[in-house]
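Colleague: Starting off with a structure, shown below.
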Protein chains: 4
Amino acid sequence: MITKQIYFAGNFQSTETVVEVKNPFTNQVFAKTFLAGTKELNSAIEAALKVEKEMKFLPSFKKYEILKFIASELEKNKQYFAEIISQEAAKPMVYALGEVARSIQTFTIASEEAKRLPKEYISLDWTAAGSGKEGLVKYYPLGLIAGIAPFNFPLNLAVHKIAPAIAAGNPIILKPSRNTPLSTLCLAEIIDKSELPKGAVSILPMDRESGNQLVTDERFKLISFTGSPQVGWKMKQQAGKKRVLLELGGNAGVIVSDTANLENAVNKTIVGAFAYSGQVCIHAQRIYVHKNVFDEFSEKFVERAKNLRTGNPMSSETEISAMIDENNAKRVEQWVNEAVADGAKILCGGKRNDTFYEPTVLTRTHNKMKVCSLEIFGPVVTLEPFNNFEQAVDYVNESDYGLQTGVFTNKLDEINFAFDHLEVGGVIINDVPTFRVDNMPYGGVKNSGFGREGVKYSIIEMMEPKLLVISK
Amino acid sequence: MITKQIYFAGNFQSTETVVEVKNPFTNQVFAKTFLAGTKELNSAIEAALKVEKEMKFLPSFKKYEILKFIASELEKNKQYFAEIISQEAAKPMVYALGEVARSIQTFTIASEEAKRLPKEYISLDWTAAGSGKEGLVKYYPLGLIAGIAPFNFPLNLAVHKIAPAIAAGNPIILKPSRNTPLSTLCLAEIIDKSELPKGAVSILPMDRESGNQLVTDERFKLISFTGSPQVGWKMKQQAGKKRVLLELGGNAGVIVSDTANLENAVNKTIVGAFAYSGQVCIHAQRIYVHKNVFDEFSEKFVERAKNLRTGNPMSSETEISAMIDENNAKRVEQWVNEAVADGAKILCGGKRNDTFYEPTVLTRTHNKMKVCSLEIFGPVVTLEPFNNFEQAVDYVNESDYGLQTGVFTNKLDEINFAFDHLEVGGVIINDVPTFRVDNMPYGGVKNSGFGREGVKYSIIEMMEPKLLVISK
Amino acid sequence: MITKQIYFAGNFQSTETVVEVKNPFTNQVFAKTFLAGTKELNSAIEAALKVEKEMKFLPSFKKYEILKFIASELEKNKQYFAEIISQEAAKPMVYALGEVARSIQTFTIASEEAKRLPKEYISLDWTAAGSGKEGLVKYYPLGLIAGIAPFNFPLNLAVHKIAPAIAAGNPIILKPSRNTPLSTLCLAEIIDKSELPKGAVSILPMDRESGNQLVTDERFKLISFTGSPQVGWKMKQQAGKKRVLLELGGNAGVIVSDTANLENAVNKTIVGAFAYSGQVCIHAQRIYVHKNVFDEFSEKFVERAKNLRTGNPMSSETEISAMIDENNAKRVEQWVNEAVADGAKILCGGKRNDTFYEPTVLTRTHNKMKVCSLEIFGPVVTLEPFNNFEQAVDYVNESDYGLQTGVFTNKLDEINFAFDHLEVGGVIINDVPTFRVDNMPYGGVKNSGFGREGVKYSIIEMMEPKLLVISK
Amino acid sequence: MITKQIYFAGNFQSTETVVEVKNPFTNQVFAKTFLAGTKELNSAIEAALKVEKEMKFLPSFKKYEILKFIASELEKNKQYFAEIISQEAAKPMVYALGEVARSIQTFTIASEEAKRLPKEYISLDWTAAGSGKEGLVKYYPLGLIAGIAPFNFPLNLAVHKIAPAIAAGNPIILKPSRNTPLSTLCLAEIIDKSELPKGAVSILPMDRESGNQLVTDERFKLISFTGSPQVGWKMKQQAGKKRVLLELGGNAGVIVSDTANLENAVNKTIVGAFAYSGQVCIHAQRIYVHKNVFDEFSEKFVERAKNLRTGNPMSSETEISAMIDENNAKRVEQWVNEAVADGAKILCGGKRNDTFYEPTVLTRTHNKMKVCSLEIFGPVVTLEPFNNFEQAVDYVNESDYGLQTGVFTNKLDEINFAFDHLEVGGVIINDVPTFRVDNMPYGGVKNSGFGREGVKYSIIEMMEPKLLVISK
């Protein structure tokens, strides 16, 4: 049984409330940690505020060294971190290793961007009133950041808040998911060994009341939340004077044009659809295929879906494993059953076994079904034909969400049309909506989010411009 | 008696509710216009949404031509516009003409920035996962904008919302102050003659209920508000999913170091203190002077304050005239009287005559007095000595506000210290906090605001980035 | 008979050497001007150096006003300028008017860019050695510029040197072509009326010796030359310590893929091939068409070429007129005859009449023929089929030149391949290589040039970065 | 006796011509290597051209890995590299270690910049002619680079050519100084172990004829030279069509204002004056001190100069050691003697002992003396008073050179004046002209150079922009 203390005010500490961490695949508790309450949170806040000024004036080479140190320690321990993630989240090792690699990359990018914080030098003599004047715009750290991370990428989505906060010169208090707190607590051990001022980063699993304080307490200058739309949009209302950055869900679409390379489209879409059982914000949920190639695509895709290797996430062979908990597996089961009752046809999958849900492909669905209109967050995709490209774009846009869309095509006019008309944060040509690298701007429109992450973009959100006007 | 119809859905129209516009100096009604209610607002919204797509795809040369046309028509009619502003706002002609010149400049800048909207072309092959991929980031217009403008710069602060909205490709509905609706309605006549799609800009004085709908209606994607902190921060809570841009008030500080050119410091500070009776967000309210030069500065400053030319704002000689209404003049009177009762000493001024309040200089004030801690928005300044530069910076920072600070000094180390430590949006070296040119980033921290205006900066706030990932 | 004095040292002056200007269409002298010798050139240089400092410190609003004034005076006189160009260069009015419009645009862009000169604000604390240091990079004007403009765009290619020089804050001495000096001398009259310091711009037709001094005299800090490769590359050797910007010729290629919109391809290519009788650096000289659509393209193209309206350039109907002089027409005749003797087939045209050469289409050409390998600078194109896209790119690259290439296609992979592999300065998708707008970076590789024009790019070439390191 | 083969075409090879490398301090040959002739150079060129395409298409993560690998191997061997430098160049270990640290930093910056190569995404629809068009500007590697490095920073000034070449995707052939070829040949051993394509980097000490071929051979697309002005400017004439980047010498000035922190000014200037016996391009050669503080500065400075620790460069205690060879020491001796004969006064130093020349301070010098007007490249400084700041700036500008100037002052107006009026590439406030960090733009004006180094700036020089115009 692993025991991890929580990390705040520069120390690892226990509290009175124990949290048990289950392996969703074995359904066994394999670790425990602790829950922070108001007292611990306030202690973390006070410690963070104490080093705010020191953080603000860290020279860039120092921030670079700290962030590189963290990246290199993660690199040394990547197998260990992947195993922790695999256990707490039932994530197949191949994807868990991928997540750790991305976290290393996120810290690396942040280390480099710490030396390249935005700065502007501008002319102000555009009128006689500004004659002899020039302006410098320097971006200063905003102040204390609150971060809330989800279970599905327990390490890297937390890192996407921690690394930019450090690069910008801000202290941060991060709340991991209660289901998957271990990997960030392991990260805390690395951070603690770095030269970062003590108290600048705290990692606190916490109860609901304290979680709410992250939103309402005016000592936080920004809250960065990755999670569900319902929770996220409510936060925006309660956030007071602070900034809000929301990375919420989606029901991402894929469009396969008749000029696409079908082999490539199938290979990529299978991964986009079923990686980590679809528990991914940019999971490829709705696939629209040109009618001329629909049958061919469908046949190949279903064939591949049927042959995904299931099993223990800790095995390097496993491609798909348990969902995060039985409640979610049951929810997926129910949505699929509702769809079938309403006329949908199951091309493969459709069965649940405890926390495991089969890779499932549906067709003959319509937009009112939950499997289409809501975020399924499970290993289920819908497959529908379209007549022409404009129609496919309309299908994708008929959604309250707008994260990313994958478009498989070789035609310039389709690419231009997609870019101009898809209502999303990102249009991915010849790859799945699930594509993300850590330096790209990432985020959704409509119900899917507010603001952008991606290291450089997060850093800007976490800084405040200040103008210096020099008069000659 | 001038009568101006309100402008929405591409037409000038009357409503059942008449608004009378008073000249604050003569206290006479000299014009009337109309109030929009829910019906008119919804009509404006629907008309705006109808042209949203057309606005989005306007080529940049077309937006340039429209914005240049507006600028050049303003230029042709600048005397007329200045007279309207002078009457509705009791603004001395010299400042009213200045405001029109700045509005022309704001439209000119917007016309040029319409051709230079942000676009990024980025590498994505920082890891093997992104091999063969590149990204384009294009900023698309956000959608319908709501703008709320204050009475004190009735034209240019509205233009700072309208011009960037057009440059970005957004429709906008603007609510002017009920006290000063005429200059923007005159602007509407120019806009109506331009090639802008009808309905893209509406100018609507409105009742409280409709004003509130600007905040809560989800069809608006951003609300840009210039006004009081109390109203502004409440809006942020009620704004739902939309973005919020707040330009609120302040009690701006000035620091005069012993290395300053005193002549220059006095000349500039007199204007920063008393221009438009201090009814300016970046009015120089609190002046801190190094003890070695305090007496000399004080003597010269008071001498100048006593000799400001008062009178009818329509006269080109007048330097200071009536305040916007008697309520505000009484409020200023009361705050000054409270301060005096609490130990402050009046160096000059201190008397009210109807809507006119004398240019007033106070000393021996302290931070708990309203004349220090709140935004006076009247022709009153406090003058206090300091011992060393760090102390002066502390004095300025002891405030809930943080817009801009003027620092008169010739020392590099003081400039560096001021830039790093003043908690404001802008530090103005050798000029007053009241300095603003229309291409600079402008906005406050702490209670003074949220986000930045200044044409290019407003445009970015009014656009949404969209990423296109190209795979080879 | 028009007489224009030459413009230097802030005055219009005559010299002892008269230059007669012929209308190439009528073969009549219709104007005269004067030639500068060493004496006049040195006088121009001294006058320019006298105002170098004043130019350097012109505030941006003043440069903006000067450049806008010139643009607006050109606008008022655009018909007059077009007629001058049409007469001196035998340019059909439709193209002459287009050239004037572009010159207005070039000055307009320069006026805007004068306010946006490059400035950088950078971190220097990437190592402990730079702790507490920051850098500002400001671009200062380089100093006196020499410009040499060709006959084919006598106004706009001179303006592409003059306007950026002013925007950057440099004085400039410009040598127009001896064939076509009038339009720039007319421009000088406008410049003289502006508020530009006298002597900052001189327009001097000059003899060979003086022309050579532009290259060798070390008081010039940059020479910007548009003309032939032989002359240009020799200049680079003789230029001493100054910078060199060369815009030389080419034999631009066009690729028409089988996925192209053929109608569009024919329409655009006809203009690219025959506008101003092909006397254009980016004239579409070599057209490669996919074998599947070669016959259809060829038929339509030749049909259109045969029906171009010939005649007096002063007529608004005329599409093609005389070449610049008989020598050039004879040269073209000879190259075509050589090609035919070597196996080429004439699809249309092929005849000369004095200075007029027919729009001519050749096929069955090969790379050793002068019509392929050299810059024809006449109304002649070659039309050849290709088997696959890679081959077409190879064909285009088999040239000593590399200016621009037009690629008509709707396929992403072809676009990617073309961008990566075409050895040119610009790849124009779905338009001709002849496409140029005045804000784009323009220039060639291989023998076609050295450096880039396009207002912002020229400005950078004409400025010197200077670093200021601030230590805290 | 160390023997190092030279590195070309991906192999370490010997040639018939042996080069002996002396330790200038011991005057003993301690190593030998080989000289390349035409044959070896051509072999290197051909091998480089063979991998040009592979280099061009290396993904950024691969270039990053290669450059980081080199940096980390240098880190592991930094003591060894420092000892090599110390021996071949007689550089005191403290400075040799500093040079290695800077080379590591230069490779690190290059690894990061390889992921951030310049890319532009621009609007082209500024006129109707560009409607529906957008442009991408991508910078492609220029092709084969020639680099020539000097003896004084045998490693880092070579690295400033090699690292950007790799980052940009270019092959490079580097010629080290014949006096100090060892450190770069050791670097070659690291490069050879990296994943860089074989032949992409060659390190070739070479004879005069081959050195000349680097300049004249058109297969090189850029020559980057650091060395003397006489050689450099001649190269520019002979360079044919290639680009030329010249980092030449200077006689850098220092200005000490009466507002300067004198302690700091003395501390920094001593290092700027005598580090590596002044054999540094930005050696602080001419020091101008405000008359009010001249005596105090002078006294402290001379005191410090007298007490510099001389000795074996291999000792960690040594501050100043032998010059590169006796010829140079004799030259310095002669210039000082000439100055003294012409009225200069020696405040300390002035004696030579074989290759060692004492730290020498002169005063009562004038501008015609070689110690003022030429680059001394030895441990000699002149110390002169000035009356006012403008005069000091004039003194500095009275030189054919213009690299960097150090300005010690705390006054804003002096900083502004210095930035606007000093004719140099860099103005360093409160530090010596000798200040350089590897990410800053570095280079001179007037006779001191042509173009800028500093990793990002070199990269741009080594790339060619290519425009892609997309039409909708």
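Here, A, B, ... name the chains of the structure tokens in the order displayed, residue numbers run from 1 inside each chain, and ligands are numbered from 1 in the same displayed order.
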Any idea which chain B residues end up within 8 Å of chain D if we count only C-alpha atoms, as JSON, numbers by chain please?
Modeller: {"B": [59, 60, 61, 115, 116, 117, 119, 120, 121, 122, 123, 125, 126, 127, 128, 131, 132, 136, 410, 411, 412, 413]}
Colleague: I need the chosen residues saved as a JSON list (two decimals), in the first residue's frame, with C-alpha atoms.
Modeller:
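What follows is the written file again.json:
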[["chain", "number", "residue", "atom", "x", "y", "z"],
["B", 59, "PRO", "CA", -12.02, 41.69, -46.84],
["B", 60, "SER", "CA", -9.58, 43.89, -45.05],
["B", 61, "PHE", "CA", -9.55, 46.56, -47.76],
["B", 115, "LYS", "CA", -5.25, 44.96, -42.38],
["B", 116, "ARG", "CA", -2.95, 43.65, -39.67],
["B", 117, "LEU", "CA", -5.17, 41.33, -37.65],
["B", 119, "LYS", "CA", -2.10, 35.66, -37.48],
["B", 120, "GLU", "CA", 0.46, 33.08, -36.43],
["B", 121, "TYR", "CA", 2.32, 30.41, -38.37],
["B", 122, "ILE", "CA", 3.95, 27.93, -36.01],
["B", 123, "SER", "CA", 6.07, 24.79, -35.98],
["B", 125, "ASP", "CA", 7.23, 19.24, -35.02],
["B", 126, "TRP", "CA", 8.85, 19.81, -31.63],
["B", 127, "THR", "CA", 8.37, 16.11, -30.93],
["B", 128, "ALA", "CA", 8.06, 13.11, -33.19],
["B", 131, "SER", "CA", 6.45, 15.40, -37.35],
["B", 132, "GLY", "CA", 5.35, 16.81, -40.71],
["B", 136, "LEU", "CA", -1.76, 28.35, -38.62],
["B", 410, "ASN", "CA", 15.60, 61.80, -14.51],
["B", 411, "LYS", "CA", 17.03, 58.80, -12.66],
["B", 412, "LEU", "CA", 17.29, 55.37, -14.18],
["B", 413, "ASP", "CA", 17.12, 53.54, -10.88]]
Colleague: If we count only C-alpha atoms and set the cut-off at 9 Å, which residues sit around Lys351 in chain A, ignoring sequence neighbours fewer than 6 positions away in its own chain? Please answer as a PyMOL selection string.
Modeller: chain A and resi 333+357-360
Colleague: Write out as JSON, numbers by chain the residues lying within 9 Å of Thr310 in chain B, counting only C-alpha atoms and excluding same-chain residues fewer than 5 positions away.
Modeller: {"B": [317, 318, 319, 320, 321, 322, 358]}
Colleague: Please provide as a compact mmCIF listing (two decimals) with N, CA and C atoms, in the first residue's frame all residues within 7 Å of range 81-86 of chain B, with the sequence filter that same-chain residues fewer than 6 positions apart are discarded (counting only C-alpha atoms).
Modeller:
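Result written to around.txt:
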# COMPACT_ATOMS: atom_id res chain seq x y z
N PRO B 92 -14.96 72.06 -22.02
CA PRO B 92 -14.37 73.21 -22.71
C PRO B 92 -13.97 72.85 -24.13
N MET B 93 -14.19 73.78 -25.06
CA MET B 93 -13.98 73.50 -26.49
C MET B 93 -12.59 72.95 -26.79
N ALA B 96 -12.85 69.46 -26.06
CA ALA B 96 -13.82 68.80 -26.94
C ALA B 96 -13.21 68.59 -28.33
N LEU B 97 -12.49 69.61 -28.80
CA LEU B 97 -11.81 69.46 -30.11
C LEU B 97 -10.75 68.37 -30.02
N VAL B 100 -12.43 65.00 -30.33
CA VAL B 100 -12.80 64.65 -31.71
C VAL B 100 -11.55 64.22 -32.49
N LEU B 182 -25.70 62.49 -27.60
CA LEU B 182 -25.83 63.13 -28.91
C LEU B 182 -24.64 62.89 -29.83
N SER B 183 -23.43 62.97 -29.29
CA SER B 183 -22.28 62.87 -30.19
C SER B 183 -22.22 61.49 -30.85
N PRO B 313 -18.20 76.54 -21.44
CA PRO B 313 -17.37 75.56 -22.15
C PRO B 313 -17.29 75.86 -23.66
N MET B 314 -18.28 76.52 -24.19
CA MET B 314 -18.29 76.80 -25.63
C MET B 314 -17.25 77.85 -26.01
Colleague: Skip Ser177 in chain D itself and residues of its chain fewer than 2 positions away, then list as a list of chain:residue names all residues within 9 Å of it, counting only C-alpha atoms.
Modeller: D:Ile148, D:Ala149, D:Pro150, D:Phe151, D:Asn152, D:Pro154, D:Lys175, D:Asn179, D:Thr180, D:Pro181, D:Pro205, D:Met206
Colleague: I need the strand (DSSP E) residues of range 167-329 of chain C per DSSP on the backbone, written as a PDB file with N, CA and C atoms, in the first residue's frame.
Modeller:
ATOM      1  N   ILE C 172      17.193  59.765 -50.118  1.00  0.00           N
ATOM      2  CA  ILE C 172      17.389  58.852 -51.249  1.00  0.00           C
ATOM      3  C   ILE C 172      17.629  59.640 -52.529  1.00  0.00           C
ATOM      4  N   ILE C 173      18.506  59.120 -53.354  1.00  0.00           N
ATOM      5  CA  ILE C 173      18.687  59.652 -54.698  1.00  0.00           C
ATOM      6  C   ILE C 173      18.294  58.558 -55.669  1.00  0.00           C
ATOM      7  N   LEU C 174      17.318  58.876 -56.515  1.00  0.00           N
ATOM      8  CA  LEU C 174      16.786  57.862 -57.404  1.00  0.00           C
ATOM      9  C   LEU C 174      17.096  58.173 -58.854  1.00  0.00           C
ATOM     10  N   LYS C 175      17.610  57.167 -59.536  1.00  0.00           N
ATOM     11  CA  LYS C 175      17.873  57.266 -60.972  1.00  0.00           C
ATOM     12  C   LYS C 175      16.787  56.504 -61.723  1.00  0.00           C
ATOM     13  N   VAL C 201      14.836  63.820 -51.076  1.00  0.00           N
ATOM     14  CA  VAL C 201      14.617  62.979 -52.258  1.00  0.00           C
ATOM     15  C   VAL C 201      15.102  63.732 -53.487  1.00  0.00           C
ATOM     16  N   SER C 202      15.949  63.087 -54.265  1.00  0.00           N
ATOM     17  CA  SER C 202      16.317  63.638 -55.573  1.00  0.00           C
ATOM     18  C   SER C 202      15.985  62.619 -56.652  1.00  0.00           C
ATOM     19  N   ILE C 203      15.516  63.137 -57.801  1.00  0.00           N
ATOM     20  CA  ILE C 203      15.206  62.265 -58.948  1.00  0.00           C
ATOM     21  C   ILE C 203      16.108  62.711 -60.088  1.00  0.00           C
ATOM     22  N   LEU C 222      23.302  52.107 -48.977  1.00  0.00           N
ATOM     23  CA  LEU C 222      22.604  50.982 -49.599  1.00  0.00           C
ATOM     24  C   LEU C 222      22.294  51.360 -51.030  1.00  0.00           C
ATOM     25  N   ILE C 223      22.458  50.396 -51.939  1.00  0.00           N
ATOM     26  CA  ILE C 223      21.960  50.614 -53.288  1.00  0.00           C
ATOM     27  C   ILE C 223      20.876  49.595 -53.569  1.00  0.00           C
ATOM     28  N   SER C 224      19.732  50.108 -54.012  1.00  0.00           N
ATOM     29  CA  SER C 224      18.589  49.260 -54.345  1.00  0.00           C
ATOM     30  C   SER C 224      18.390  49.341 -55.844  1.00  0.00           C
ATOM     31  N   PHE C 225      18.603  48.223 -56.498  1.00  0.00           N
ATOM     32  CA  PHE C 225      18.610  48.195 -57.961  1.00  0.00           C
ATOM     33  C   PHE C 225      17.544  47.247 -58.489  1.00  0.00           C
ATOM     34  N   THR C 226      16.760  47.714 -59.436  1.00  0.00           N
ATOM     35  CA  THR C 226      15.868  46.822 -60.166  1.00  0.00           C
ATOM     36  C   THR C 226      16.274  46.885 -61.620  1.00  0.00           C
ATOM     37  N   ARG C 243      25.272  48.163 -48.401  1.00  0.00           N
ATOM     38  CA  ARG C 243      24.360  47.049 -48.659  1.00  0.00           C
ATOM     39  C   ARG C 243      23.854  47.102 -50.088  1.00  0.00           C
ATOM     40  N   VAL C 244      23.452  45.943 -50.575  1.00  0.00           N
ATOM     41  CA  VAL C 244      22.968  45.839 -51.945  1.00  0.00           C
ATOM     42  C   VAL C 244      21.646  45.082 -51.944  1.00  0.00           C
ATOM     43  N   LEU C 245      20.681  45.637 -52.640  1.00  0.00           N
ATOM     44  CA  LEU C 245      19.371  44.995 -52.803  1.00  0.00           C
ATOM     45  C   LEU C 245      19.125  44.889 -54.295  1.00  0.00           C
ATOM     46  N   LEU C 246      19.008  43.656 -54.791  1.00  0.00           N
ATOM     47  CA  LEU C 246      18.881  43.456 -56.232  1.00  0.00           C
ATOM     48  C   LEU C 246      17.556  42.792 -56.581  1.00  0.00           C
ATOM     49  N   GLU C 247      16.786  43.455 -57.422  1.00  0.00           N
ATOM     50  CA  GLU C 247      15.578  42.834 -57.972  1.00  0.00           C
ATOM     51  C   GLU C 247      15.814  42.650 -59.454  1.00  0.00           C
ATOM     52  N   GLY C 253       7.781  30.422 -64.291  1.00  0.00           N
ATOM     53  CA  GLY C 253       7.012  29.268 -64.703  1.00  0.00           C
ATOM     54  C   GLY C 253       5.601  29.275 -64.151  1.00  0.00           C
ATOM     55  N   VAL C 254       4.735  28.544 -64.838  1.00  0.00           N
ATOM     56  CA  VAL C 254       3.365  28.298 -64.372  1.00  0.00           C
ATOM     57  C   VAL C 254       3.135  26.799 -64.469  1.00  0.00           C
ATOM     58  N   ILE C 255       2.521  26.242 -63.447  1.00  0.00           N
ATOM     59  CA  ILE C 255       2.158  24.819 -63.483  1.00  0.00           C
ATOM     60  C   ILE C 255       0.641  24.719 -63.393  1.00  0.00           C
ATOM     61  N   VAL C 256       0.053  23.988 -64.356  1.00  0.00           N
ATOM     62  CA  VAL C 256      -1.397  23.788 -64.329  1.00  0.00           C
ATOM     63  C   VAL C 256      -1.662  22.302 -64.088  1.00  0.00           C
ATOM     64  N   ARG C 286       6.972  30.464 -68.986  1.00  0.00           N
ATOM     65  CA  ARG C 286       6.993  29.024 -69.285  1.00  0.00           C
ATOM     66  C   ARG C 286       5.793  28.358 -68.610  1.00  0.00           C
ATOM     67  N   ILE C 287       4.871  27.855 -69.418  1.00  0.00           N
ATOM     68  CA  ILE C 287       3.652  27.271 -68.867  1.00  0.00           C
ATOM     69  C   ILE C 287       3.696  25.757 -69.039  1.00  0.00           C
ATOM     70  N   TYR C 288       3.601  25.054 -67.915  1.00  0.00           N
ATOM     71  CA  TYR C 288       3.592  23.595 -67.939  1.00  0.00           C
ATOM     72  C   TYR C 288       2.215  23.105 -67.522  1.00  0.00           C
ATOM     73  N   VAL C 289       1.603  22.267 -68.402  1.00  0.00           N
ATOM     74  CA  VAL C 289       0.218  21.849 -68.178  1.00  0.00           C
ATOM     75  C   VAL C 289       0.165  20.316 -68.106  1.00  0.00           C
ATOM     76  N   HIS C 290      -0.586  19.810 -67.139  1.00  0.00           N
ATOM     77  CA  HIS C 290      -0.699  18.352 -67.018  1.00  0.00           C
ATOM     78  C   HIS C 290      -1.214  17.781 -68.331  1.00  0.00           C
TER      79      HIS C 290
END
Colleague: Do a neighbour search on Asn327 in chain A at 10 Å with only C-alpha atoms, toss out local chain neighbours closer than 5 positions, and write the hits as a PyMOL selection string.
Modeller: chain A and resi 332-333+354-355
Colleague: Write the residues of the preceding selection, restricted to C-alpha atoms, as a tab-separated table (two decimals), in the first residue's frame.
Modeller:
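Output saved as result_10.tsv:
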chain	number	residue	atom	x	y	z
A	332	VAL	CA	-22.30	4.87	-21.25
A	333	GLU	CA	-24.25	1.63	-21.33
A	354	ASP	CA	-18.22	-4.06	-14.56
A	355	THR	CA	-16.01	-1.05	-15.27
Colleague: Figure out the distance between CA of Val215 in chain D and CA of Ile460 in chain D, please, to one decimal in Å.
Modeller: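 According to the coordinates, CA of Ile460 in chain D and CA of Val215 in chain D are separated by 20.1 Å.
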Colleague: Show which residues sit within 6 Å of Thr363 in chain B, as a PDB file with all heavy atoms, in the first residue's frame. Count only C-alpha atoms, and ignore same-chain residues fewer than 5 positions away.
Modeller:
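Contents of the output file around-v2.pdb:
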ATOM      1  N   ALA B 344      -7.467  68.158   6.897  1.00  0.00           N
ATOM      2  CA  ALA B 344      -6.846  68.587   5.642  1.00  0.00           C
ATOM      3  C   ALA B 344      -6.858  70.100   5.532  1.00  0.00           C
ATOM      4  O   ALA B 344      -7.705  70.772   6.119  1.00  0.00           O
ATOM      5  CB  ALA B 344      -7.601  67.978   4.457  1.00  0.00           C
ATOM      6  N   LYS B 345      -5.898  70.609   4.800  1.00  0.00           N
ATOM      7  CA  LYS B 345      -5.807  72.049   4.624  1.00  0.00           C
ATOM      8  C   LYS B 345      -6.034  72.379   3.141  1.00  0.00           C
ATOM      9  O   LYS B 345      -5.479  71.725   2.252  1.00  0.00           O
ATOM     10  CB  LYS B 345      -4.404  72.504   5.045  1.00  0.00           C
ATOM     11  CG  LYS B 345      -4.186  74.003   4.954  1.00  0.00           C
ATOM     12  CD  LYS B 345      -2.776  74.374   5.386  1.00  0.00           C
ATOM     13  CE  LYS B 345      -2.427  75.789   4.943  1.00  0.00           C
ATOM     14  NZ  LYS B 345      -0.982  76.006   5.002  1.00  0.00           N
ATOM     15  N   THR B 382      -4.791  66.182  -4.119  1.00  0.00           N
ATOM     16  CA  THR B 382      -4.072  66.263  -2.849  1.00  0.00           C
ATOM     17  C   THR B 382      -2.587  66.344  -3.158  1.00  0.00           C
ATOM     18  O   THR B 382      -2.111  65.760  -4.143  1.00  0.00           O
ATOM     19  CB  THR B 382      -4.336  65.029  -1.972  1.00  0.00           C
ATOM     20  OG1 THR B 382      -3.773  63.885  -2.619  1.00  0.00           O
ATOM     21  CG2 THR B 382      -5.820  64.803  -1.763  1.00  0.00           C
ATOM     22  N   LEU B 383      -1.871  67.084  -2.317  1.00  0.00           N
ATOM     23  CA  LEU B 383      -0.459  67.364  -2.542  1.00  0.00           C
ATOM     24  C   LEU B 383       0.281  67.001  -1.271  1.00  0.00           C
ATOM     25  O   LEU B 383       0.054  67.616  -0.218  1.00  0.00           O
ATOM     26  CB  LEU B 383      -0.330  68.875  -2.810  1.00  0.00           C
ATOM     27  CG  LEU B 383       0.765  69.390  -3.709  1.00  0.00           C
ATOM     28  CD1 LEU B 383       0.601  68.850  -5.114  1.00  0.00           C
ATOM     29  CD2 LEU B 383       0.678  70.925  -3.760  1.00  0.00           C
ATOM     30  N   GLU B 384       1.181  65.998  -1.330  1.00  0.00           N
ATOM     31  CA  GLU B 384       1.850  65.565  -0.111  1.00  0.00           C
ATOM     32  C   GLU B 384       3.331  65.334  -0.387  1.00  0.00           C
ATOM     33  O   GLU B 384       3.707  64.916  -1.485  1.00  0.00           O
ATOM     34  CB  GLU B 384       1.223  64.259   0.415  1.00  0.00           C
ATOM     35  CG  GLU B 384      -0.280  64.319   0.678  1.00  0.00           C
ATOM     36  CD  GLU B 384      -0.663  65.294   1.803  1.00  0.00           C
ATOM     37  OE1 GLU B 384       0.228  65.670   2.589  1.00  0.00           O
ATOM     38  OE2 GLU B 384      -1.846  65.695   1.856  1.00  0.00           O
TER      39      GLU B 384
END
